[in-house]
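Chemist: My structure file input_12.cif, mmCIF, C-alpha atoms, is below:
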```
data_target
#
loop_
_atom_site.label_atom_id
_atom_site.label_comp_id
_atom_site.auth_asym_id
_atom_site.auth_seq_id
_atom_site.Cartn_x
_atom_site.Cartn_y
_atom_site.Cartn_z
CA MET A 1049 -85.46 6.56 -5.04
CA ALA A 1050 -89.02 5.86 -6.10
CA SER A 1051 -88.80 8.56 -8.75
CA LEU A 1052 -85.50 7.14 -9.93
CA VAL A 1053 -87.02 3.70 -10.20
CA ARG A 1054 -89.98 5.11 -12.13
CA SER A 1055 -87.80 7.13 -14.47
CA ILE A 1056 -85.55 4.23 -15.42
CA GLY A 1057 -88.24 1.56 -15.51
CA TRP A 1058 -86.07 -1.00 -13.73
CA GLN A 1059 -88.58 -3.79 -14.11
CA THR A 1060 -87.67 -4.06 -17.77
CA PRO A 1061 -85.69 -7.30 -17.92
CA LEU A 1062 -83.11 -6.01 -20.36
CA GLN A 1063 -81.91 -2.65 -19.18
CA SER A 1064 -78.70 -0.80 -19.77
CA GLY A 1065 -77.42 2.69 -20.50
CA ASN A 1066 -78.32 5.78 -18.54
CA GLY A 1067 -80.87 4.08 -16.31
CA GLU A 1068 -78.36 1.55 -15.13
CA THR A 1069 -75.68 4.19 -14.70
CA ALA A 1070 -78.04 6.14 -12.44
CA LEU A 1071 -78.66 3.00 -10.42
CA VAL A 1072 -74.95 2.34 -10.01
CA VAL A 1073 -74.30 5.94 -8.97
CA ALA A 1074 -77.15 5.78 -6.46
CA ALA A 1075 -75.83 2.48 -5.08
CA ARG A 1076 -72.36 3.97 -4.83
CA ASN A 1077 -73.83 6.81 -2.76
CA GLY A 1078 -75.21 4.30 -0.28
CA ASP A 1079 -78.66 3.69 -1.73
CA ARG A 1080 -79.39 0.10 -0.72
CA GLU A 1081 -82.57 -0.06 -2.75
CA ALA A 1082 -80.62 0.75 -5.90
CA PHE A 1083 -78.10 -1.96 -5.07
CA GLY A 1084 -80.99 -4.37 -4.49
CA ILE A 1085 -82.25 -3.65 -8.00
CA LEU A 1086 -78.79 -4.31 -9.42
CA TYR A 1087 -78.70 -7.56 -7.46
CA ALA A 1088 -82.06 -8.62 -8.86
CA ARG A 1089 -80.89 -7.77 -12.34
CA TYR A 1090 -77.46 -9.39 -12.22
CA SER A 1091 -77.72 -12.29 -9.77
CA ARG A 1092 -78.67 -14.74 -12.53
CA MET A 1093 -75.61 -13.82 -14.55
CA VAL A 1094 -73.34 -14.06 -11.51
CA HIS A 1095 -74.87 -17.44 -10.69
CA GLY A 1096 -74.10 -18.67 -14.21
CA ILE A 1097 -70.49 -17.52 -14.07
CA ALA A 1098 -70.07 -19.07 -10.63
CA LEU A 1099 -71.52 -22.34 -11.93
CA ALA A 1100 -69.03 -22.29 -14.80
CA HIS A 1101 -66.08 -22.31 -12.40
CA SER A 1102 -67.20 -23.69 -9.02
CA VAL A 1103 -68.77 -26.85 -7.70
CA ARG A 1104 -72.52 -26.59 -7.35
CA ARG A 1105 -72.69 -26.48 -3.56
CA ASP A 1106 -70.41 -23.42 -3.52
CA VAL A 1107 -72.33 -21.46 -6.12
CA ASP A 1108 -74.82 -19.75 -3.79
CA ASP A 1109 -71.99 -18.71 -1.47
CA VAL A 1110 -70.04 -17.34 -4.42
CA VAL A 1111 -73.06 -15.28 -5.52
CA GLN A 1112 -73.39 -13.74 -2.04
CA ASP A 1113 -69.66 -13.20 -1.85
CA VAL A 1114 -69.57 -11.46 -5.24
CA PHE A 1115 -72.23 -8.93 -4.29
CA VAL A 1116 -70.71 -8.24 -0.88
CA THR A 1117 -67.36 -7.65 -2.61
CA ALA A 1118 -69.03 -5.50 -5.27
CA LEU A 1119 -70.70 -3.29 -2.67
CA ASP A 1120 -67.44 -2.85 -0.81
CA ARG A 1121 -65.55 -1.95 -3.98
CA LEU A 1122 -68.24 0.04 -5.74
CA ALA A 1123 -66.43 3.30 -4.99
CA SER A 1124 -63.46 2.06 -7.04
CA LEU A 1125 -65.58 1.57 -10.18
CA ARG A 1126 -64.54 4.50 -12.37
CA ASP A 1127 -67.11 4.07 -15.12
CA PRO A 1128 -70.58 3.33 -13.70
CA GLY A 1129 -71.63 2.31 -17.20
CA ALA A 1130 -69.23 -0.63 -17.04
CA PHE A 1131 -70.92 -2.23 -14.04
CA GLY A 1132 -71.75 -5.47 -15.90
CA PRO A 1133 -68.24 -6.29 -17.15
CA TRP A 1134 -66.79 -5.20 -13.80
CA LEU A 1135 -69.16 -7.51 -11.92
CA THR A 1136 -68.42 -10.32 -14.39
CA SER A 1137 -64.74 -9.99 -13.60
CA ILE A 1138 -65.37 -10.07 -9.83
CA ALA A 1139 -67.63 -13.11 -10.25
CA ARG A 1140 -65.00 -14.99 -12.26
CA ASN A 1141 -62.24 -14.21 -9.76
CA ARG A 1142 -64.31 -15.07 -6.68
CA ALA A 1143 -65.51 -18.32 -8.25
CA LEU A 1144 -61.93 -19.31 -9.04
CA ASP A 1145 -60.85 -18.35 -5.50
CA HIS A 1146 -63.55 -20.60 -4.03
CA HIS A 1147 -62.56 -23.40 -6.38
CA ARG A 1148 -58.87 -23.11 -5.43
CA ALA A 1149 -59.71 -22.96 -1.71
CA ARG A 1150 -61.84 -26.08 -1.99
CA ARG A 1151 -59.10 -27.94 -3.89
CA GLU A 1152 -56.54 -27.03 -1.23
CA THR A 1153 -58.89 -28.13 1.55
CA VAL A 1154 -59.47 -31.47 -0.12
CA GLU A 1155 -55.74 -31.99 -0.65
CA LEU A 1156 -54.97 -31.19 2.98
CA SER A 1157 -57.67 -33.38 4.46
CA ASN A 1158 -57.22 -36.74 2.79
CA GLU A 1159 -59.28 -38.49 5.42
CA LEU A 1160 -62.43 -36.65 4.46
CA PRO A 1161 -64.82 -38.57 2.22
CA ALA A 1162 -64.69 -37.70 -1.47
CA PRO A 1163 -67.16 -35.01 -2.51
CA THR A 1164 -70.39 -36.48 -3.80
CA SER A 1165 -70.83 -36.26 -7.52
CA GLU A 1166 -73.69 -34.26 -8.98
CA GLY A 1167 -76.13 -36.79 -10.37
CA GLY A 1168 -78.44 -36.94 -13.38
CA SER A 1169 -78.07 -36.42 -17.12
CA GLY A 1170 -77.75 -32.68 -16.48
CA ALA A 1171 -74.57 -33.45 -14.55
CA LEU A 1172 -73.08 -35.11 -17.60
CA VAL A 1173 -73.91 -32.12 -19.80
CA LEU A 1174 -72.67 -29.65 -17.21
CA ALA A 1175 -69.42 -31.59 -16.79
CA ALA A 1176 -68.95 -31.52 -20.58
CA ILE A 1177 -69.57 -27.74 -20.69
CA ARG A 1178 -67.02 -27.24 -17.92
CA THR A 1179 -64.31 -28.82 -20.05
CA LEU A 1180 -64.79 -26.16 -22.74
CA PRO A 1181 -62.64 -23.00 -22.92
CA ASP A 1182 -63.77 -20.25 -20.50
CA THR A 1183 -65.50 -17.98 -23.01
CA TYR A 1184 -67.61 -20.78 -24.49
CA ARG A 1185 -68.26 -22.25 -21.06
CA GLU A 1186 -69.66 -19.07 -19.54
CA THR A 1187 -71.73 -18.10 -22.57
CA LEU A 1188 -73.22 -21.58 -22.91
CA ILE A 1189 -74.11 -21.77 -19.22
CA LEU A 1190 -75.75 -18.35 -19.33
CA ARG A 1191 -77.80 -19.46 -22.35
CA LEU A 1192 -78.59 -23.10 -21.59
CA VAL A 1193 -78.71 -23.11 -17.79
CA GLU A 1194 -79.79 -19.61 -16.88
CA GLY A 1195 -82.05 -19.17 -19.92
CA MET A 1196 -80.62 -15.79 -20.89
CA THR A 1197 -80.89 -14.79 -24.54
CA GLY A 1198 -77.89 -13.85 -26.69
CA PRO A 1199 -78.67 -10.09 -26.62
CA GLU A 1200 -79.16 -10.24 -22.85
CA ILE A 1201 -75.81 -11.98 -22.35
CA ALA A 1202 -74.15 -9.29 -24.45
CA VAL A 1203 -75.70 -6.43 -22.45
CA ARG A 1204 -74.98 -7.97 -19.05
CA THR A 1205 -71.42 -9.16 -19.65
CA GLY A 1206 -70.27 -6.33 -21.90
CA LEU A 1207 -69.37 -8.73 -24.73
CA THR A 1208 -70.33 -7.66 -28.23
CA PRO A 1209 -73.38 -9.41 -29.69
CA ASP A 1210 -71.12 -10.86 -32.39
CA SER A 1211 -68.81 -12.40 -29.81
CA VAL A 1212 -71.75 -13.91 -27.97
CA ARG A 1213 -73.12 -15.32 -31.19
CA VAL A 1214 -69.76 -16.87 -32.09
CA ASN A 1215 -69.34 -18.27 -28.56
CA LEU A 1216 -72.80 -19.83 -28.69
CA HIS A 1217 -72.26 -21.45 -32.08
CA ARG A 1218 -68.73 -22.72 -31.53
CA GLY A 1219 -69.49 -23.70 -27.95
CA THR A 1220 -72.56 -25.68 -28.95
CA LYS A 1221 -70.60 -27.41 -31.72
CA LEU A 1222 -67.82 -28.38 -29.29
CA LEU A 1223 -70.35 -29.49 -26.69
CA ARG A 1224 -72.11 -31.69 -29.22
CA GLU A 1225 -68.80 -33.35 -30.11
CA LYS A 1226 -67.93 -33.88 -26.45
CA LEU A 1227 -71.30 -35.40 -25.67
CA LYS A 1228 -71.13 -37.63 -28.74
CA GLY A 1229 -67.69 -38.76 -27.63
CA SER A 1230 -68.80 -39.50 -24.08
CA THR A 1231 -71.84 -41.45 -25.33
CA ALA A 1232 -69.62 -43.45 -27.65
CA ASP A 1233 -67.21 -44.18 -24.76
CA ALA A 1234 -70.09 -45.39 -22.58
CA MET B 1118 -79.61 -26.26 -35.75
CA HIS B 1119 -81.98 -23.28 -35.78
CA ASP B 1120 -79.93 -20.16 -35.15
CA GLU B 1121 -82.76 -17.98 -33.97
CA TYR B 1122 -83.71 -20.34 -31.17
CA LEU B 1123 -80.15 -20.61 -29.87
CA TRP B 1124 -79.61 -16.85 -30.16
CA ALA B 1125 -82.84 -15.43 -28.81
CA GLY B 1126 -84.91 -18.39 -27.62
CA THR B 1127 -87.52 -17.53 -30.24
CA GLY B 1128 -88.59 -19.00 -33.55
CA ARG B 1129 -88.82 -22.73 -34.25
CA PRO B 1130 -87.38 -24.58 -31.23
CA ASP B 1131 -84.29 -26.66 -31.84
CA PRO B 1132 -84.95 -30.12 -30.33
CA GLU B 1133 -81.30 -30.63 -29.40
CA ILE B 1134 -81.05 -27.28 -27.60
CA GLU B 1135 -84.35 -27.97 -25.87
CA ARG B 1136 -83.02 -31.32 -24.62
CA LEU B 1137 -79.92 -29.60 -23.23
CA GLU B 1138 -82.05 -26.90 -21.59
CA ASP B 1139 -84.28 -29.51 -19.98
CA ALA B 1140 -81.32 -31.50 -18.66
CA LEU B 1141 -79.70 -28.39 -17.21
CA ARG B 1142 -82.84 -26.80 -15.73
CA PRO B 1143 -82.20 -28.13 -12.17
CA TYR B 1144 -79.03 -26.03 -12.09
CA ARG B 1145 -80.81 -22.80 -12.93
CA TYR B 1146 -80.65 -19.87 -10.50
CA ARG B 1147 -83.41 -19.68 -7.91
CA PRO B 1148 -83.78 -16.10 -6.64
CA GLN B 1149 -82.60 -15.67 -3.08
CA PRO B 1150 -82.48 -12.60 -0.86
CA LEU B 1151 -79.14 -10.91 -0.54
CA LYS B 1152 -77.86 -11.42 3.02
CA LEU B 1153 -75.98 -8.20 2.88
CA ALA B 1154 -77.85 -5.76 5.10
CA ALA B 1155 -77.93 -7.93 8.21
CA THR B 1156 -74.24 -8.70 8.09
CA ARG B 1157 -73.20 -5.16 7.41
CA THR B 1158 -75.57 -3.75 10.05
CA ALA B 1159 -74.30 -6.27 12.58
CA ASN B 1160 -70.73 -5.30 11.75
CA ARG B 1161 -71.58 -1.63 12.09
CA TRP B 1162 -73.19 -2.14 15.52
CA LEU B 1163 -70.23 -4.24 16.63
CA GLY B 1164 -67.92 -1.40 15.58
CA ILE B 1165 -69.99 1.16 17.46
CA ALA B 1166 -70.04 -1.05 20.55
CA ILE B 1167 -66.25 -1.45 20.47
CA LEU B 1168 -65.83 2.32 20.02
CA CYS B 1169 -68.13 3.07 22.97
CA ALA B 1170 -66.35 0.52 25.17
CA SER B 1171 -62.97 2.01 24.24
CA CYS B 1172 -64.16 5.56 25.03
CA PHE B 1173 -65.53 4.39 28.37
CA ALA B 1174 -62.31 2.60 29.27
CA ILE B 1175 -60.21 5.66 28.34
CA SER B 1176 -62.51 7.94 30.39
CA VAL B 1177 -62.29 5.68 33.44
CA PHE B 1178 -58.50 5.47 33.12
CA ALA B 1179 -58.16 9.25 32.71
CA TRP B 1180 -60.44 9.89 35.68
CA ALA B 1181 -58.52 7.45 37.89
CA HIS B 1182 -55.21 8.95 36.81
CA THR B 1183 -56.38 12.53 37.49
CA ARG B 1184 -57.75 11.57 40.87
CA SER B 1185 -54.54 9.78 41.81
CA SER B 1186 -52.43 12.84 40.85
CA ALA B 1187 -54.73 15.17 42.80
CA ASP B 1188 -54.44 12.98 45.86
CA HIS B 1189 -50.65 13.12 45.69
CA ASN B 1190 -50.63 16.94 45.49
CA SER B 1191 -53.21 17.69 48.22
CA PRO B 1192 -52.38 17.41 51.95
CA THR B 1193 -53.57 14.30 53.69
CA VAL B 1194 -55.97 14.28 56.61
CA GLU B 1195 -53.12 13.31 58.85
CA ALA B 1196 -51.10 16.32 57.69
CA HIS B 1197 -54.07 18.57 58.48
CA PHE B 1198 -54.26 17.28 62.01
CA ARG B 1199 -50.53 17.57 62.42
CA SER B 1200 -50.55 21.18 61.30
CA TYR B 1201 -53.50 21.88 63.56
CA ASP B 1202 -51.66 20.33 66.47
CA ALA B 1203 -48.53 22.27 65.64
CA GLY B 1204 -50.55 25.48 65.50
CA HIS B 1205 -52.15 24.61 68.75
CA VAL B 1206 -48.80 23.98 70.45
CA ASP B 1207 -47.27 27.07 68.97
CA GLY B 1208 -50.22 29.18 70.05
CA SER B 1209 -50.74 31.38 73.08
CA GLU B 1210 -50.79 28.49 75.50
#
```
Please go through the file and, once you have read it, give me the structure as structure tokens.
Modeler:
Amino acid sequence: MASLVRSIGWQTPLQSGNGETALVVAARNGDREAFGILYARYSRMVHGIALAHSVRRDVDDVVQDVFVTALDRLASLRDPGAFGPWLTSIARNRALDHHRARRETVELSNELPAPTSEGGSGALVLAAIRTLPDTYRETLILRLVEGMTGPEIAVRTGLTPDSVRVNLHRGTKLLREKLKGSTADA
Amino acid sequence: MHDEYLWAGTGRPDPEIERLEDALRPYRYRPQPLKLAATRTANRWLGIAILCASCFAISVFAWAHTRSSADHNSPTVEAHFRSYDAGHVDGSE
């Protein structure tokens, strides 16, 4: 594994292509170290997607859940080069599952106190981002919350750089309008 | 809005984007260890333990069953004595 790590230079923050494919193949063959590298590389993206669809206190659980699911299903990934988009899809589905489960729990247990709201000005911005369409929401969170760059978002999620660029521009424009509207309402 | 800053985080910073980034920073990912190995190892050991217990139970059952069948087929101590007595009675005396 050490030679594999050396040959692909996994410490490079933005890594894709053959090096990543080798990592995915190694992880699929039971190499935990390789899977650990993938986790280090993708956990920020998964966190961002989870944050786009789940309440904050569930996000860490969703991240763990996504990687456990990914490890279990890694054998079913036909194209190791498509690990990023595949993981993105798992993250989105698991986050939505958690969100649905939480909603059902709250509906069933009316006597429980209402969930506490997330405070601060960041909460207002995050709430506004969450009202945007999915594609803008995820891209904006990955850029503004997780601090990923446009090219990095494209490589990790499998979106084209053009799509990411459009999502960032349109999303930011919509967000600005929403925030202006909410300030005017207040 | 400065495109380069929004796209790559480089170039002249856009004050509005910077404000949004600052407000959202508390929500940013903080690296955490993956709690995968412990859970999966624990599950694996639990599986092995259940398998061992099942094998042991089957072995004990099979042994008990074999022993019980053997006991039914072999003559009892009482039968031995009876046959001895019969032989003794039927003997020269």
Chemist: Counting only C-alpha atoms, collect the residues of chain B whose closest atom lies at most 12 Å from chain A, and write them out as a PyMOL selection string.
Modeler: chain B and resi 1118-1127+1133-1157
Chemist: Figure out the distance between atom CA of Lys1228 of chain A and atom CA of Glu1186 of chain A, please, to one decimal in Å.
Modeler: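 Interatomic distance, atom CA of Glu1186 of chain A to atom CA of Lys1228 of chain A: 20.8 Å.
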Chemist: Tell me, in Å to one decimal, how far atom CA of Asp1079 of chain A is from atom CA of Ile1097 of chain A.
Modeler: 25.9 Å
Chemist: Excluding Val1072 of chain A and residues on its chain fewer than 3 positions from it, collect all residues at most 10 Å away from it, counting all atoms listed in the file, and give them as number ranges by chain.
Modeler: A: 1066-1069, 1075-1079, 1082-1083, 1085-1086, 1122-1123, 1125, 1127-1131
Chemist: So how many Å separate atom CA of Val1114 of chain A and atom CA of Gly1206 of chain A, to one decimal?
Modeler: 17.4 Å
Chemist: Identify which of the residues A:Ala1143, A:Leu1135, A:Leu1071, A:Ala1118 lies closest to Arg1105 of chain A, counting all atoms listed in the file when measuring atom-to-atom distances.
Modeler: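 When distances to Arg1105 of chain A are compared using all atoms listed in the file, the smallest one comes from A:Ala1143.
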Chemist: Pull out every residue that the PyMOL selection byres ((chain A and resi 1145) around 12) matches in the shown coordinates and put them as JSON, numbers by chain.
Modeler: {"A": [1098, 1101, 1102, 1103, 1106, 1107, 1109, 1110, 1113, 1114, 1138, 1139, 1140, 1141, 1142, 1143, 1144, 1146, 1147, 1148, 1149, 1150, 1151, 1152]}
Chemist: When you count all atoms listed in the file, which of these residues is closest to Arg1185 of chain A: A:Asn1215, A:Thr1208, A:Thr1117, A:Ser1137?
Modeler: A:Asn1215
